[in-house]
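Notes follow the structure.
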Amino acid sequence: MVYKLFVFITCLGFLSGCSTDPYSGYLGLWEQQKAPLGYVVMEITRDGDTLLLQDNIFNKTTLTGLPNVPQVLKKTDGQLSFPRLFGDIQLGLSADRKVLRMGDRVFTKINLARVAEIKVSMKKARAAWKRDTQLCDSLKAEFKGRSEAITSRFTAYQWKEQAKLLDPLRATYNARAGEIPHCVVFF
């Protein structure tokens with residue numbers, strides 16, 4: 001009898017420890033896989049009985065310039081969704097609660113350490129982009145100075161002579177621009 005009571009109390013303890021909230025698996029940070037424009041991390045939080053979706057925690061504004069504020073999620077039979085122009089978008093949670101699908105976007109659950117890694121990576125990428133932009137701008141200014149020095153020696157009627165000097169110069173600068181990431185110029 002004591003044994004049965006012990007087993008019953010133990011099972012009851014395990015069962016009461018399990019969450020009966022069907023939405024608890026959605027809570028947390030989610031990183032989009034194969035994001036086309038850098039990193040996208042969304043966060044689902046709880047405010048009382050309300051669940052909120054912050055679409056990208058790294059963006060302070062939306063594409064329209066409005067503040068990027070969390071949106072309220074709709075709860076329906078253990079599923080979450082949010083309204084869009086042409087209907088609701090469902091959030092689908094995998095059985096292991098590690099993968100979240102939102103339309104054609106796939107997210108994996110991450111922790112704060114991963115968010116910190118992403119921030120460091122984004123900072124490095126911004127610094128590289130800034131450096132590359134400065135190099136590209138410098139290259140453009142250098143080409144402009146050299147090409148103006150050539151064109152100033154000729155009249156408009158001497159375009160063939162100009163082309164003989166400008167074409168190799170353009171080829172050289174286009175090749176140099178191709179070595180700088182994100183430097184798109186047409187000399």
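Note on naming: chains are A, B, ... as they come in the structure tokens, residues start from 1 per chain, ligands start from 1 in the order shown.
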Checklist entry - Near A:Ala35, within 10 Å and counting only C-alpha atoms, which residues show up once chain neighbours fewer than 4 positions away are dropped, as a VMD selection string? => result chain A and resid 31 39 to 41 105 to 107
May I have the selected residues written with C-alpha atoms, as a short mmCIF file (atom, residue, chain, number, x, y, z; two decimals), in the first residue's frame?
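Output file selection-v4.cif follows:
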```cif
data_model
loop_
_atom_site.label_atom_id
_atom_site.label_comp_id
_atom_site.auth_asym_id
_atom_site.auth_seq_id
_atom_site.Cartn_x
_atom_site.Cartn_y
_atom_site.Cartn_z
CA GLU A 31 16.70 32.92 -35.67
CA TYR A 39 20.27 38.23 -39.60
CA VAL A 40 16.65 38.09 -38.51
CA VAL A 41 15.90 37.20 -34.90
CA ARG A 105 10.26 31.32 -43.33
CA VAL A 106 11.96 28.78 -41.05
CA PHE A 107 13.33 29.70 -37.61
#
```
Item to check | alpha helix (DSSP H) positions in stretch 7-165 of chain A, given as a PyMOL selection string | outcome: chain A and resi 7-17+112-151+159-165
Next on the checklist: I'd like to know which residues of chain A are strand (DSSP E) (by DSSP, run on the backbone); could you write them as a ChimeraX atom specification?
Outcome noted: /A:28-32,41-47,50-54,71-72,74-76,79-84,87-93,99-102,105-110
Checklist entry - Leaving out A:Leu139 and any residue of its chain fewer than 5 positions from it, which residues lie within 10 Å of it when counting only C-alpha atoms, given as a PyMOL selection string? => result chain A and resi 133-134+144-145+173-174+176-177+180+183+185
Can those selected residues be exported to a file as a PDB file, in the first residue's frame so that it contains N, CA and C atoms?
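again11.pdb, written as the output of this step:
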```pdb
ATOM      1  N   THR A 133      33.253  50.778 -48.488  1.00  0.00           N
ATOM      2  CA  THR A 133      32.623  51.959 -49.076  1.00  0.00           C
ATOM      3  C   THR A 133      33.638  53.094 -49.209  1.00  0.00           C
ATOM      4  N   GLN A 134      34.453  53.275 -48.187  1.00  0.00           N
ATOM      5  CA  GLN A 134      35.482  54.314 -48.249  1.00  0.00           C
ATOM      6  C   GLN A 134      36.502  54.009 -49.350  1.00  0.00           C
ATOM      7  N   LYS A 144      38.062  59.611 -61.427  1.00  0.00           N
ATOM      8  CA  LYS A 144      37.523  60.868 -61.945  1.00  0.00           C
ATOM      9  C   LYS A 144      38.653  61.862 -62.229  1.00  0.00           C
ATOM     10  N   GLY A 145      39.588  61.962 -61.303  1.00  0.00           N
ATOM     11  CA  GLY A 145      40.720  62.872 -61.500  1.00  0.00           C
ATOM     12  C   GLY A 145      41.571  62.485 -62.695  1.00  0.00           C
ATOM     13  N   TYR A 173      40.454  50.338 -63.708  1.00  0.00           N
ATOM     14  CA  TYR A 173      39.664  50.720 -62.542  1.00  0.00           C
ATOM     15  C   TYR A 173      38.495  49.771 -62.302  1.00  0.00           C
ATOM     16  N   ASN A 174      37.908  49.238 -63.354  1.00  0.00           N
ATOM     17  CA  ASN A 174      36.850  48.243 -63.164  1.00  0.00           C
ATOM     18  C   ASN A 174      37.406  46.993 -62.492  1.00  0.00           C
ATOM     19  N   ARG A 176      40.035  46.894 -60.481  1.00  0.00           N
ATOM     20  CA  ARG A 176      40.311  47.254 -59.086  1.00  0.00           C
ATOM     21  C   ARG A 176      39.025  47.332 -58.271  1.00  0.00           C
ATOM     22  N   ALA A 177      37.956  47.844 -58.878  1.00  0.00           N
ATOM     23  CA  ALA A 177      36.668  47.919 -58.181  1.00  0.00           C
ATOM     24  C   ALA A 177      36.124  46.525 -57.900  1.00  0.00           C
ATOM     25  N   ILE A 180      37.035  44.995 -54.545  1.00  0.00           N
ATOM     26  CA  ILE A 180      36.453  45.566 -53.330  1.00  0.00           C
ATOM     27  C   ILE A 180      35.011  45.055 -53.217  1.00  0.00           C
ATOM     28  N   CYS A 183      31.543  47.076 -54.148  1.00  0.00           N
ATOM     29  CA  CYS A 183      31.904  48.273 -54.915  1.00  0.00           C
ATOM     30  C   CYS A 183      31.382  48.088 -56.330  1.00  0.00           C
ATOM     31  N   VAL A 185      30.640  49.963 -59.566  1.00  0.00           N
ATOM     32  CA  VAL A 185      30.839  51.185 -60.355  1.00  0.00           C
ATOM     33  C   VAL A 185      30.987  50.790 -61.802  1.00  0.00           C
TER      34      VAL A 185
END
```
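You will find atom CA of A:Lys119 at 8.7 Å from atom CA of A:Phe58.
The two atoms in question, atom CA of A:Ala125 and atom CA of A:Lys98, are spaced 27.6 Å apart.
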Item to check | Two-atom distance - atom CA of A:Phe86, atom CA of A:Leu63 (Å) | outcome: 18.5 Å
